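Colleague: Hey, dropping protein-v1.cif in here, mmCIF, C-alpha atoms:
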```cif
data_final
loop_
_atom_site.label_atom_id
_atom_site.label_comp_id
_atom_site.auth_asym_id
_atom_site.auth_seq_id
_atom_site.Cartn_x
_atom_site.Cartn_y
_atom_site.Cartn_z
CA MET V 15 41.05 -4.23 -49.81
CA THR V 16 43.50 -6.34 -51.78
CA PRO V 17 44.77 -9.83 -50.88
CA GLY V 18 46.95 -9.65 -47.77
CA SER V 19 45.94 -6.12 -46.72
CA ASN V 20 44.62 -5.48 -43.23
CA ILE V 21 42.74 -2.85 -41.23
CA PRO V 22 42.45 -2.21 -37.49
CA LEU V 23 38.95 -2.76 -36.13
CA PRO V 24 37.58 0.38 -34.46
CA THR V 25 34.77 -1.53 -32.75
CA ALA V 26 34.59 -4.74 -30.72
CA GLN V 27 31.59 -6.07 -32.62
CA VAL V 28 31.87 -6.63 -36.35
CA ALA V 29 29.80 -8.44 -38.94
CA VAL V 30 31.24 -9.92 -42.12
CA ASP V 31 28.65 -10.47 -44.83
CA VAL V 32 29.43 -12.14 -48.13
CA ALA V 33 27.39 -11.36 -51.24
CA ALA V 34 27.44 -12.94 -54.69
CA PRO V 35 25.04 -13.36 -57.65
CA VAL V 36 24.12 -16.80 -56.26
CA ARG V 37 23.13 -18.07 -52.81
CA LEU V 38 26.16 -18.79 -50.63
CA ASP V 39 26.90 -20.87 -47.57
CA VAL V 40 28.81 -18.62 -45.18
CA SER V 41 30.59 -19.97 -42.13
CA GLY V 42 33.14 -19.01 -39.48
CA LEU V 43 35.84 -21.00 -37.71
CA LEU V 44 37.48 -20.10 -34.41
CA LEU V 45 41.18 -20.99 -34.56
CA THR V 46 43.88 -21.28 -31.94
CA GLY V 47 47.49 -20.23 -32.43
CA ASP V 48 48.25 -23.46 -34.31
CA GLY V 49 45.58 -22.64 -36.91
CA LYS V 50 43.14 -25.35 -35.82
CA VAL V 51 39.73 -25.45 -34.15
CA ARG V 52 39.57 -26.73 -30.55
CA SER V 53 36.64 -28.97 -31.48
CA ASP V 54 33.80 -29.16 -33.99
CA ASP V 55 31.95 -26.66 -31.78
CA ASP V 56 34.23 -23.96 -33.21
CA PHE V 57 32.71 -24.41 -36.69
CA ILE V 58 29.87 -21.87 -36.94
CA PHE V 59 27.39 -22.24 -39.82
CA TYR V 60 23.66 -22.50 -40.55
CA ASN V 61 23.28 -25.83 -38.70
CA GLN V 62 25.33 -24.62 -35.73
CA PRO V 63 24.69 -20.86 -35.65
CA THR V 64 26.17 -19.87 -32.30
CA GLY V 65 29.55 -20.27 -30.67
CA SER V 66 31.90 -18.50 -28.28
CA GLY V 67 31.70 -14.85 -29.33
CA VAL V 68 30.85 -15.81 -32.91
CA SER V 69 27.45 -16.36 -34.54
CA TYR V 70 25.92 -17.03 -37.93
CA ARG V 71 23.22 -14.66 -39.22
CA SER V 72 21.00 -15.71 -42.10
CA GLY V 73 20.03 -13.15 -44.70
CA GLY V 74 16.87 -15.11 -45.44
CA GLY V 75 17.68 -15.32 -49.13
CA THR V 76 17.12 -11.58 -49.67
CA ALA V 77 20.26 -10.29 -47.93
CA PRO V 78 23.76 -11.76 -47.60
CA ASP V 79 24.44 -14.24 -44.81
CA ALA V 80 26.93 -12.98 -42.25
CA ILE V 81 29.28 -14.05 -39.49
CA VAL V 82 29.00 -11.75 -36.48
CA ILE V 83 31.99 -11.51 -34.14
CA ASP V 84 32.12 -9.99 -30.68
CA THR V 85 35.85 -9.80 -30.12
CA ALA V 86 35.35 -9.01 -26.42
CA ALA V 87 33.55 -12.35 -25.99
CA VAL V 88 36.00 -14.49 -27.96
CA PRO V 89 37.59 -16.93 -25.47
CA ALA V 90 41.23 -16.81 -24.49
CA GLY V 91 43.37 -18.95 -26.76
CA ILE V 92 41.41 -18.10 -29.89
CA GLU V 93 43.66 -15.93 -32.06
CA LYS V 94 41.77 -15.90 -35.35
CA ILE V 95 38.29 -16.23 -36.81
CA VAL V 96 38.21 -17.08 -40.50
CA VAL V 97 35.12 -16.35 -42.57
CA THR V 98 34.48 -18.77 -45.42
CA ALA V 99 32.01 -18.97 -48.29
CA SER V 100 30.96 -21.56 -50.84
CA PRO V 101 28.17 -21.62 -53.45
CA ASP V 102 25.02 -23.30 -52.16
CA GLU V 103 24.80 -25.42 -55.30
CA ALA V 104 27.04 -28.47 -54.93
CA GLY V 105 30.12 -28.43 -57.14
CA GLN V 106 29.60 -24.90 -58.46
CA SER V 107 32.78 -22.86 -58.70
CA PHE V 108 33.20 -19.13 -58.13
CA GLN V 109 34.18 -18.46 -61.74
CA GLY V 110 32.08 -15.54 -62.96
CA ILE V 111 30.29 -15.14 -59.62
CA GLU V 112 33.02 -13.43 -57.59
CA PRO V 113 31.84 -12.78 -54.01
CA THR V 114 32.32 -9.54 -52.10
CA ALA V 115 32.85 -9.54 -48.36
CA THR V 116 31.85 -6.42 -46.44
CA ILE V 117 33.19 -5.89 -42.95
CA ARG V 118 30.72 -3.78 -40.95
CA ASP V 119 30.24 -2.26 -37.54
CA ALA V 120 27.76 -4.81 -36.18
CA ALA V 121 25.88 -2.19 -34.15
CA THR V 122 25.31 0.40 -36.88
CA GLY V 123 25.78 -1.62 -40.08
CA ALA V 124 28.29 0.97 -41.30
CA PRO V 125 30.81 -0.56 -43.73
CA LEU V 126 34.44 -0.59 -42.62
CA ALA V 127 35.96 -2.30 -45.67
CA THR V 128 35.09 -4.47 -48.66
CA PHE V 129 37.05 -7.20 -50.42
CA THR V 130 36.46 -9.04 -53.69
CA PRO V 131 39.01 -11.81 -54.39
CA PRO V 132 40.40 -11.32 -57.92
CA ARG V 133 40.26 -13.76 -60.83
CA LEU V 134 38.60 -16.80 -59.40
CA SER V 135 38.18 -19.97 -61.47
CA ALA V 136 38.02 -23.52 -60.07
CA GLU V 137 37.51 -22.52 -56.44
CA THR V 138 34.38 -24.02 -54.86
CA ALA V 139 35.11 -22.59 -51.41
CA LEU V 140 37.03 -19.59 -50.09
CA VAL V 141 38.56 -18.35 -46.90
CA ILE V 142 37.61 -14.80 -47.74
CA VAL V 143 38.63 -12.72 -44.70
CA GLU V 144 40.01 -13.29 -41.24
CA VAL V 145 39.62 -11.37 -37.99
CA TYR V 146 42.76 -11.86 -35.92
CA LEU V 147 44.43 -10.79 -32.69
CA ARG V 148 47.83 -9.10 -32.94
CA ASN V 149 49.63 -7.48 -30.00
CA GLY V 150 46.41 -7.22 -28.04
CA ALA V 151 44.45 -5.53 -30.84
CA TRP V 152 41.93 -7.06 -33.24
CA LYS V 153 42.36 -6.55 -36.97
CA ALA V 154 40.75 -7.80 -40.18
CA ARG V 155 42.69 -9.08 -43.19
CA ALA V 156 41.66 -9.82 -46.76
CA VAL V 157 42.64 -13.41 -47.59
CA GLY V 158 40.98 -14.90 -50.70
CA GLN V 159 42.51 -18.39 -50.28
CA GLY V 160 40.63 -20.81 -52.48
CA TYR V 161 39.87 -24.52 -52.32
CA ALA V 162 38.87 -26.68 -55.25
CA ASN V 163 37.37 -29.32 -52.95
CA GLY V 164 34.60 -27.27 -51.37
CA LEU V 165 33.82 -26.58 -47.77
CA ALA V 166 35.05 -30.06 -46.80
CA GLY V 167 38.55 -28.98 -47.86
CA ILE V 168 38.42 -25.95 -45.59
CA ALA V 169 36.97 -27.96 -42.71
CA THR V 170 39.66 -30.64 -42.80
CA ASP V 171 42.39 -28.01 -43.26
CA PHE V 172 41.38 -26.39 -39.97
CA GLY V 173 40.80 -29.60 -38.04
CA VAL V 174 37.02 -30.04 -38.29
CA SER V 175 35.94 -33.67 -38.66
CA VAL V 176 33.77 -34.46 -41.66
CA GLU V 177 31.62 -37.49 -42.25
CA GLU V 178 33.40 -38.52 -45.42
CA PRO V 179 37.06 -38.07 -46.29
CA ALA V 180 37.59 -34.87 -48.20
CA PRO V 181 39.36 -35.02 -51.57
CA ALA V 182 43.07 -34.37 -51.53
CA PRO V 183 43.87 -30.69 -51.06
CA ALA V 184 45.12 -28.57 -53.93
CA THR V 185 48.80 -28.60 -54.82
CA ALA V 186 49.32 -25.21 -53.22
CA PRO V 187 47.19 -22.77 -51.28
CA GLY V 188 44.80 -21.19 -53.73
CA SER V 189 42.43 -23.49 -55.59
CA GLY V 190 44.77 -25.89 -57.29
CA LYS V 191 47.39 -23.33 -58.24
CA VAL V 192 50.62 -25.09 -59.10
CA ASN V 193 53.83 -24.53 -57.19
CA LEU V 194 57.50 -25.12 -57.99
CA ASP V 195 57.84 -28.63 -56.52
CA LYS V 196 57.91 -30.36 -59.92
CA GLY V 197 60.35 -27.97 -61.57
CA ARG V 198 59.89 -25.21 -64.11
CA VAL V 199 56.36 -23.96 -64.70
CA SER V 200 55.16 -22.60 -68.05
CA LEU V 201 52.23 -20.25 -67.64
CA LYS V 202 49.49 -19.26 -70.04
CA LYS V 203 47.72 -15.92 -69.82
CA ASN V 204 45.94 -15.43 -66.46
CA GLU V 205 47.45 -18.58 -64.93
CA THR V 206 49.07 -18.37 -61.50
CA VAL V 207 51.91 -20.21 -59.79
CA SER V 208 52.61 -20.12 -56.06
CA LEU V 209 56.31 -19.45 -55.45
CA VAL V 210 56.57 -22.31 -52.98
CA LYS V 211 59.19 -25.05 -53.21
CA ALA V 212 59.44 -28.12 -50.98
CA GLY V 213 56.63 -26.70 -48.88
CA ARG V 214 58.45 -23.45 -48.14
CA PRO V 215 57.90 -19.97 -49.63
CA LEU V 216 60.59 -18.79 -52.02
CA LEU V 217 62.00 -15.69 -50.32
CA SER V 218 65.41 -15.44 -51.95
CA GLN V 219 66.71 -13.33 -54.82
CA VAL V 220 65.07 -13.91 -58.20
CA ARG V 221 65.60 -12.35 -61.61
CA MET V 222 62.71 -11.36 -63.83
CA GLY V 223 64.14 -11.53 -67.33
CA LEU V 224 62.23 -9.92 -70.16
CA GLY V 225 63.07 -10.50 -73.80
CA TRP V 226 61.80 -9.72 -77.29
CA GLU V 227 62.81 -9.63 -80.94
CA PRO V 228 61.87 -7.31 -83.80
CA ALA V 229 59.08 -8.91 -85.82
CA TYR V 230 60.69 -7.79 -89.06
CA SER V 231 64.38 -8.29 -89.63
CA GLY V 232 66.56 -5.23 -89.93
CA SER V 233 64.58 -2.88 -87.68
CA ASP V 234 65.70 -2.32 -84.12
CA ILE V 235 63.04 -1.89 -81.49
CA ASP V 236 63.61 -0.07 -78.21
CA LEU V 237 61.45 -1.48 -75.47
CA ASP V 238 61.74 -0.62 -71.79
CA ALA V 239 61.09 -3.11 -69.01
CA SER V 240 59.92 -1.80 -65.64
CA VAL V 241 58.34 -2.94 -62.41
CA ILE V 242 55.76 -0.95 -60.45
CA ALA V 243 55.40 -1.56 -56.71
CA TYR V 244 52.06 -1.13 -54.95
CA GLY V 245 50.85 -1.18 -51.37
CA PRO V 246 47.99 -3.29 -49.98
CA ASN V 247 45.39 -0.71 -51.06
CA ARG V 248 46.68 -0.50 -54.65
CA ASP V 249 48.57 2.67 -53.75
CA HIS V 250 51.63 3.38 -55.92
CA VAL V 251 54.81 2.96 -53.85
CA ASP V 252 57.56 3.34 -56.49
CA SER V 253 58.62 2.35 -60.01
CA CYS V 254 61.90 0.77 -61.10
CA TYR V 255 62.92 1.44 -64.72
CA PHE V 256 65.89 2.61 -66.81
CA GLY V 257 65.67 6.07 -65.19
CA LYS V 258 65.60 4.70 -61.64
CA LEU V 259 67.61 1.51 -61.39
CA SER V 260 67.09 0.74 -57.69
CA ILE V 261 64.04 1.06 -55.41
CA LEU V 262 62.87 -0.15 -52.00
CA ASN V 263 66.36 0.23 -50.48
CA GLY V 264 67.88 -2.01 -53.13
CA ALA V 265 65.36 -4.84 -52.81
CA ILE V 266 64.57 -4.29 -56.51
CA LYS V 267 67.26 -3.43 -59.07
CA HIS V 268 67.15 -2.90 -62.86
CA SER V 269 69.88 -4.03 -65.25
CA GLY V 270 69.64 -0.90 -67.43
CA ASP V 271 68.27 -0.06 -70.86
CA ASN V 272 68.64 -2.23 -73.98
CA LEU V 273 68.13 -0.07 -77.05
CA THR V 274 67.71 -2.66 -79.79
CA GLY V 275 66.32 -6.02 -78.64
CA ASP V 276 68.98 -7.75 -80.72
CA GLY V 277 70.60 -10.98 -79.62
CA SER V 278 69.37 -14.02 -77.76
CA GLY V 279 68.57 -14.20 -74.08
CA ASP V 280 67.03 -11.65 -71.76
CA ASP V 281 67.05 -8.10 -73.07
CA GLU V 282 66.47 -6.49 -69.68
CA VAL V 283 66.62 -7.99 -66.21
CA ILE V 284 65.06 -6.86 -62.95
CA VAL V 285 66.45 -8.46 -59.77
CA VAL V 286 63.99 -8.84 -56.89
CA ASP V 287 65.00 -9.88 -53.38
CA LEU V 288 61.64 -11.31 -52.25
CA GLY V 289 62.70 -11.58 -48.63
CA ARG V 290 63.66 -7.89 -48.47
CA ILE V 291 60.51 -6.41 -49.99
CA PRO V 292 59.12 -4.20 -47.21
CA PRO V 293 55.58 -4.70 -45.87
CA GLU V 294 54.35 -1.52 -47.58
CA ALA V 295 54.92 -3.16 -50.98
CA SER V 296 52.66 -6.19 -51.49
CA GLY V 297 52.17 -6.18 -55.27
CA LEU V 298 54.63 -5.91 -58.18
CA VAL V 299 53.54 -5.47 -61.80
CA PHE V 300 56.14 -6.02 -64.54
CA THR V 301 55.58 -3.97 -67.68
CA VAL V 302 57.18 -3.39 -71.07
CA ASN V 303 56.76 -0.17 -73.04
CA SER V 304 57.76 1.05 -76.48
CA PHE V 305 59.10 4.54 -75.88
CA SER V 306 59.83 4.95 -79.59
CA GLY V 307 56.14 4.40 -80.36
CA GLN V 308 56.44 1.11 -82.21
CA LYS V 309 53.49 -1.19 -81.56
CA PHE V 310 53.66 -4.70 -80.15
CA THR V 311 52.44 -6.00 -83.50
CA GLU V 312 56.03 -5.18 -84.59
CA VAL V 313 57.49 -7.35 -81.82
CA SER V 314 57.90 -11.12 -81.78
CA LYS V 315 58.90 -13.71 -79.20
CA ALA V 316 58.21 -11.45 -76.21
CA TYR V 317 58.45 -13.32 -72.92
CA CYS V 318 59.19 -12.99 -69.25
CA ARG V 319 60.87 -15.59 -67.06
CA LEU V 320 61.59 -15.86 -63.36
CA VAL V 321 65.03 -17.23 -62.52
CA ASP V 322 66.51 -18.26 -59.16
CA ALA V 323 69.42 -15.84 -58.86
CA ALA V 324 71.44 -18.23 -56.68
CA THR V 325 71.28 -21.29 -58.95
CA ASP V 326 70.44 -19.68 -62.34
CA GLU V 327 67.53 -22.15 -62.57
CA GLU V 328 64.54 -20.98 -64.59
CA LEU V 329 61.49 -21.28 -62.34
CA VAL V 330 58.59 -19.79 -64.32
CA ARG V 331 58.17 -18.74 -67.94
CA PHE V 332 55.43 -16.88 -69.81
CA ASP V 333 55.60 -16.48 -73.59
CA LEU V 334 53.40 -13.69 -74.90
CA THR V 335 51.13 -15.06 -77.62
CA GLY V 336 49.22 -12.66 -79.82
CA ALA V 337 49.73 -8.92 -79.93
CA GLU V 338 47.72 -5.74 -80.12
CA PRO V 339 48.67 -2.46 -81.82
CA GLN V 340 49.51 -0.81 -78.50
CA THR V 341 52.72 0.59 -77.01
CA GLY V 342 52.56 -1.00 -73.54
CA VAL V 343 51.93 -4.42 -72.05
CA MET V 344 51.60 -5.68 -68.49
CA MET V 345 53.51 -8.97 -68.61
CA ALA V 346 53.17 -10.43 -65.11
CA LYS V 347 52.46 -9.61 -61.50
CA LEU V 348 53.78 -10.86 -58.19
CA ILE V 349 51.44 -10.60 -55.20
CA ARG V 350 52.40 -11.38 -51.63
CA GLN V 351 49.76 -13.56 -49.98
CA PHE V 352 48.51 -13.21 -46.42
CA SER V 353 50.56 -16.28 -45.48
CA GLY V 354 53.82 -14.72 -46.68
CA GLU V 355 54.43 -16.52 -49.95
CA TRP V 356 54.39 -14.78 -53.31
CA GLU V 357 52.28 -15.75 -56.32
CA MET V 358 53.13 -14.97 -59.93
CA THR V 359 50.35 -14.49 -62.48
CA ALA V 360 50.87 -14.21 -66.24
CA MET V 361 49.04 -11.17 -67.61
CA GLY V 362 49.70 -10.22 -71.26
CA GLU V 363 47.38 -7.21 -71.06
CA PHE V 364 48.03 -4.41 -73.56
CA VAL V 365 47.84 -0.72 -72.69
CA LYS V 366 48.20 2.49 -74.70
CA SER V 367 51.27 3.95 -73.01
CA ARG V 368 54.84 4.62 -74.13
CA THR V 369 56.19 5.06 -70.59
CA VAL V 370 55.95 3.36 -67.23
CA ARG V 371 54.25 6.47 -65.84
CA GLY V 372 51.22 5.76 -67.99
CA MET V 373 51.09 2.17 -66.69
CA VAL V 374 50.64 3.05 -63.02
CA LYS V 375 46.85 3.43 -63.04
CA PRO V 376 45.97 0.44 -65.32
CA ALA V 377 48.41 -1.79 -63.43
CA ALA V 378 46.82 -0.80 -60.10
CA LYS V 379 43.43 -1.86 -61.43
CA SER V 380 44.84 -5.28 -62.34
CA LEU V 381 45.81 -6.13 -58.77
#
```
Once more with this new file: its structure as structure tokens, please.
Modeller:
Amino acid sequence: MTPGSNIPLPTAQVAVDVAAPVRLDVSGLLLTGDGKVRSDDDFIFYNQPTGSGVSYRSGGGTAPDAIVIDTAAVPAGIEKIVVTASPDEAGQSFQGIEPTATIRDAATGAPLATFTPPRLSAETALVIVEVYLRNGAWKARAVGQGYANGLAGIATDFGVSVEEPAPAPATAPGSGKVNLDKGRVSLKKNETVSLVKAGRPLLSQVRMGLGWEPAYSGSDIDLDASVIAYGPNRDHVDSCYFGKLSILNGAIKHSGDNLTGDGSGDDEVIVVDLGRIPPEASGLVFTVNSFSGQKFTEVSKAYCRLVDAATDEELVRFDLTGAEPQTGVMMAKLIRQFSGEWEMTAMGEFVKSRTVRGMVKPAAKSL
């Protein structure tokens, strides 16, 4: 599964185990429609292993700990059970020890789905998956929402009382990821910004502008900017490029091909109406390719920038630093989170491909 994707649950009893290279504390919280526990009794963990339809199962140090859910026994008014994990060692982050959650049929142990949150860094606790009720049916969704202030941050977020005040929560959902509240954000490679402003997700039209210059004066360079749309399971939905200027019923449109890279400003622009992206497209990867075969070592000042189409305000910018002798680069990705907002991550990953078609598989792996 990828962040935000969901599956129907074919059985009433499921177990969610969470494995990592280190010992983890795994817990579950029963939440009402307002996203809060009814009382501290709805916080299920090793010191309080049983609750209403939800229990904690220890792996004894040799197997992953798990939260077991009997959806038929979950009380009325509970609409969601979130499964969380944090390293047992105080203060340890998930960087380099990415956990994998496996959703299983509790009766047979058969796996139904797995989820590994991508690119973790400062997170010391995660809401990793949620089991939720929708239109009378129970489903499971991959979440991957991180907290830089440990399990106490999760507990206070969902209304559990803690003995000591928890540190202030991160700026935006997702382990201290910045948002747009303080104005334009400049990203470095692999950094992420949540497209949230004044506490609300940005769901209006934005422009992804991509620009570059020839590294050596006098030689034109023909680069092609594209965007590849993927579904929740990394399945290729469609690609927007100079040969197909509109996809997803016009929610994404391309400005057309620039053959030289000359002049200041954006060389190619892709307009994305975030609010109109259909549910089947949850990830967008923006790429640049050299169809003429020139390498990115012959390009300078390559960048991408996200602009509010209504106000022309630059929101996010990523300047590509360094280059490799390749003909393709994945510049940035936009991923819709389970809560509805989009996150933009700077990539700068080089690929051997002169066309967008050759970028589809490597870009899918990056999601």
Colleague: For the file shown, what are the residues hit by the PyMOL selection byres ((chain V and resi 319) around 8), laid out as a ChimeraX atom specification?
Modeller: /V:221-224,317-318,320-321,328-332
Colleague: For this file, the PyMOL selection byres ((chain V and resi 277-286) around 7) selects which residues, as a VMD selection string?
Modeller: chain V and resid 219 to 226 239 265 to 272 275 to 276 287 to 288
Colleague: Write the selection just made, keeping C-alpha atoms, as a PDB file, in the coordinates of the input?
Modeller:
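Listing of out.pdb after writing:
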```pdb
ATOM      1  CA  GLN V 219      66.710 -13.330 -54.820  1.00  0.00           C
ATOM      2  CA  VAL V 220      65.070 -13.910 -58.200  1.00  0.00           C
ATOM      3  CA  ARG V 221      65.600 -12.350 -61.610  1.00  0.00           C
ATOM      4  CA  MET V 222      62.710 -11.360 -63.830  1.00  0.00           C
ATOM      5  CA  GLY V 223      64.140 -11.530 -67.330  1.00  0.00           C
ATOM      6  CA  LEU V 224      62.230  -9.920 -70.160  1.00  0.00           C
ATOM      7  CA  GLY V 225      63.070 -10.500 -73.800  1.00  0.00           C
ATOM      8  CA  TRP V 226      61.800  -9.720 -77.290  1.00  0.00           C
ATOM      9  CA  ALA V 239      61.090  -3.110 -69.010  1.00  0.00           C
ATOM     10  CA  ALA V 265      65.360  -4.840 -52.810  1.00  0.00           C
ATOM     11  CA  ILE V 266      64.570  -4.290 -56.510  1.00  0.00           C
ATOM     12  CA  LYS V 267      67.260  -3.430 -59.070  1.00  0.00           C
ATOM     13  CA  HIS V 268      67.150  -2.900 -62.860  1.00  0.00           C
ATOM     14  CA  SER V 269      69.880  -4.030 -65.250  1.00  0.00           C
ATOM     15  CA  GLY V 270      69.640  -0.900 -67.430  1.00  0.00           C
ATOM     16  CA  ASP V 271      68.270  -0.060 -70.860  1.00  0.00           C
ATOM     17  CA  ASN V 272      68.640  -2.230 -73.980  1.00  0.00           C
ATOM     18  CA  GLY V 275      66.320  -6.020 -78.640  1.00  0.00           C
ATOM     19  CA  ASP V 276      68.980  -7.750 -80.720  1.00  0.00           C
ATOM     20  CA  ASP V 287      65.000  -9.880 -53.380  1.00  0.00           C
ATOM     21  CA  LEU V 288      61.640 -11.310 -52.250  1.00  0.00           C
TER      22      LEU V 288
END
```
Colleague: Compile the contact shell of V:Thr16 as a list in words: residues with an atom at most 7 Å away, counting only C-alpha atoms, same-chain residues fewer than 2 positions apart removed.
Modeller: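 Here the qualifying residues turn out to be Gly18, Ser19, Phe129, Ala156, Pro246 and Asn247 of chain V.
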Colleague: Give me the residues within 12 Å of V:Ser175 as a tab-separated table (two decimals) with C-alpha atoms, keeping the file's coordinate frame, counting only C-alpha atoms and dropping any in the same chain fewer than 2 places off.
Modeller:
```
chain	number	residue	atom	x	y	z
V	50	LYS	CA	43.14	-25.35	-35.82
V	51	VAL	CA	39.73	-25.45	-34.15
V	52	ARG	CA	39.57	-26.73	-30.55
V	53	SER	CA	36.64	-28.97	-31.48
V	54	ASP	CA	33.80	-29.16	-33.99
V	55	ASP	CA	31.95	-26.66	-31.78
V	56	ASP	CA	34.23	-23.96	-33.21
V	57	PHE	CA	32.71	-24.41	-36.69
V	165	LEU	CA	33.82	-26.58	-47.77
V	166	ALA	CA	35.05	-30.06	-46.80
V	167	GLY	CA	38.55	-28.98	-47.86
V	168	ILE	CA	38.42	-25.95	-45.59
V	169	ALA	CA	36.97	-27.96	-42.71
V	170	THR	CA	39.66	-30.64	-42.80
V	171	ASP	CA	42.39	-28.01	-43.26
V	172	PHE	CA	41.38	-26.39	-39.97
V	173	GLY	CA	40.80	-29.60	-38.04
V	177	GLU	CA	31.62	-37.49	-42.25
V	178	GLU	CA	33.40	-38.52	-45.42
V	179	PRO	CA	37.06	-38.07	-46.29
V	180	ALA	CA	37.59	-34.87	-48.20
```
Colleague: The PyMOL selection byres ((chain V and resi 214) around 12) on the file shown: which residues, as a PDB file with C-alpha atoms, in the frame of the given file?
Modeller:
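Writing the result to part-v4.pdb gives the following:
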```pdb
ATOM      1  CA  ALA V 186      49.320 -25.210 -53.220  1.00  0.00           C
ATOM      2  CA  PRO V 187      47.190 -22.770 -51.280  1.00  0.00           C
ATOM      3  CA  ASN V 193      53.830 -24.530 -57.190  1.00  0.00           C
ATOM      4  CA  LEU V 194      57.500 -25.120 -57.990  1.00  0.00           C
ATOM      5  CA  ASP V 195      57.840 -28.630 -56.520  1.00  0.00           C
ATOM      6  CA  SER V 208      52.610 -20.120 -56.060  1.00  0.00           C
ATOM      7  CA  LEU V 209      56.310 -19.450 -55.450  1.00  0.00           C
ATOM      8  CA  VAL V 210      56.570 -22.310 -52.980  1.00  0.00           C
ATOM      9  CA  LYS V 211      59.190 -25.050 -53.210  1.00  0.00           C
ATOM     10  CA  ALA V 212      59.440 -28.120 -50.980  1.00  0.00           C
ATOM     11  CA  GLY V 213      56.630 -26.700 -48.880  1.00  0.00           C
ATOM     12  CA  PRO V 215      57.900 -19.970 -49.630  1.00  0.00           C
ATOM     13  CA  LEU V 216      60.590 -18.790 -52.020  1.00  0.00           C
ATOM     14  CA  LEU V 217      62.000 -15.690 -50.320  1.00  0.00           C
ATOM     15  CA  SER V 218      65.410 -15.440 -51.950  1.00  0.00           C
ATOM     16  CA  SER V 353      50.560 -16.280 -45.480  1.00  0.00           C
ATOM     17  CA  GLY V 354      53.820 -14.720 -46.680  1.00  0.00           C
ATOM     18  CA  GLU V 355      54.430 -16.520 -49.950  1.00  0.00           C
ATOM     19  CA  TRP V 356      54.390 -14.780 -53.310  1.00  0.00           C
TER      20      TRP V 356
END
```
Colleague: Take the point (50.8, -11.3, -60.2) as written in the file and pick out every residue within 6 Å of it, counting all atoms listed in the file; give the list as a PyMOL selection string.
Modeller: chain V and resi 346-349+358-359
Colleague: Quick check, in Å to one decimal: how far apart do atom CA of V:Ile81 and atom CA of V:Ala139 lie?
Modeller: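 Interatomic distance, atom CA of V:Ile81 to atom CA of V:Ala139: 15.8 Å.
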Colleague: With distances taken over only C-alpha atoms, which residue among V:Val374, V:Cys254, V:Val88, V:Ala29 lies nearest V:Ala121?
Modeller: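 Selected residue with least distance to V:Ala121: V:Ala29.
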Colleague: Do you know which residues are at most 8 Å from V:Ala115 counting all atoms listed in the file, after dropping those on the same chain fewer than 5 positions away, and could you put them as a VMD selection string?
Modeller: chain V and resid 30 to 33 128 to 130 142 to 143
Colleague: Export, as a JSON list (two decimals), in the coordinates of the input, the selected residues with C-alpha atoms.
Modeller:
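As a result, out-v8.json now contains:
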```
[["chain", "number", "residue", "atom", "x", "y", "z"],
["V", 30, "VAL", "CA", 31.24, -9.92, -42.12],
["V", 31, "ASP", "CA", 28.65, -10.47, -44.83],
["V", 32, "VAL", "CA", 29.43, -12.14, -48.13],
["V", 33, "ALA", "CA", 27.39, -11.36, -51.24],
["V", 128, "THR", "CA", 35.09, -4.47, -48.66],
["V", 129, "PHE", "CA", 37.05, -7.20, -50.42],
["V", 130, "THR", "CA", 36.46, -9.04, -53.69],
["V", 142, "ILE", "CA", 37.61, -14.80, -47.74],
["V", 143, "VAL", "CA", 38.63, -12.72, -44.70]]
```
Colleague: Would you mind reading off the distance between atom CA of V:Pro101 and atom CA of V:Thr138, one decimal, in Å?
Modeller: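 Taking atom CA of V:Pro101 as the start and atom CA of V:Thr138 as the end point, the length is 6.8 Å.
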Colleague: Hey, which of V:Gln351, V:Ala80, V:Pro89, V:Thr369 ends up closest to V:Gly160? Count all atoms listed in the file.
Modeller: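 Distance minimum relative to V:Gly160 lands on V:Gln351.
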Colleague: Quick one: pull the distance between atom CA of V:Arg148 and atom CA of V:Arg248, Å, one decimal.
Modeller: 23.4 Å
Colleague: Set the distance at 7 Å and use all atoms listed in the file: which residues neighbour stretch 69-72 of chain V once local chain neighbours fewer than 5 positions away are removed? I'd like the list as a PyMOL selection string.
Modeller: chain V and resi 41+58-60+63-64+79-83
Colleague: Please produce stretch 234-240 of chain V, completed to N, CA and C atoms, as a tab-separated table (two decimals), in the coordinates of the input.
Modeller:
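Done, and the output landed in rebuild.tsv:
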```tsv
chain	number	residue	atom	x	y	z
V	234	ASP	N	65.55	-2.25	-85.57
V	234	ASP	CA	65.70	-2.32	-84.12
V	234	ASP	C	64.40	-1.87	-83.45
V	235	ILE	N	64.20	-2.35	-82.25
V	235	ILE	CA	63.04	-1.89	-81.49
V	235	ILE	C	63.46	-1.66	-80.05
V	236	ASP	N	63.18	-0.47	-79.54
V	236	ASP	CA	63.61	-0.07	-78.21
V	236	ASP	C	62.45	-0.20	-77.25
V	237	LEU	N	62.47	-1.28	-76.50
V	237	LEU	CA	61.45	-1.48	-75.47
V	237	LEU	C	62.08	-1.29	-74.10
V	238	ASP	N	61.26	-0.86	-73.15
V	238	ASP	CA	61.74	-0.62	-71.79
V	238	ASP	C	60.97	-1.48	-70.80
V	239	ALA	N	61.70	-2.28	-70.05
V	239	ALA	CA	61.09	-3.11	-69.01
V	239	ALA	C	61.11	-2.36	-67.69
V	240	SER	N	60.04	-2.50	-66.92
V	240	SER	CA	59.92	-1.80	-65.64
V	240	SER	C	59.16	-2.68	-64.67
```
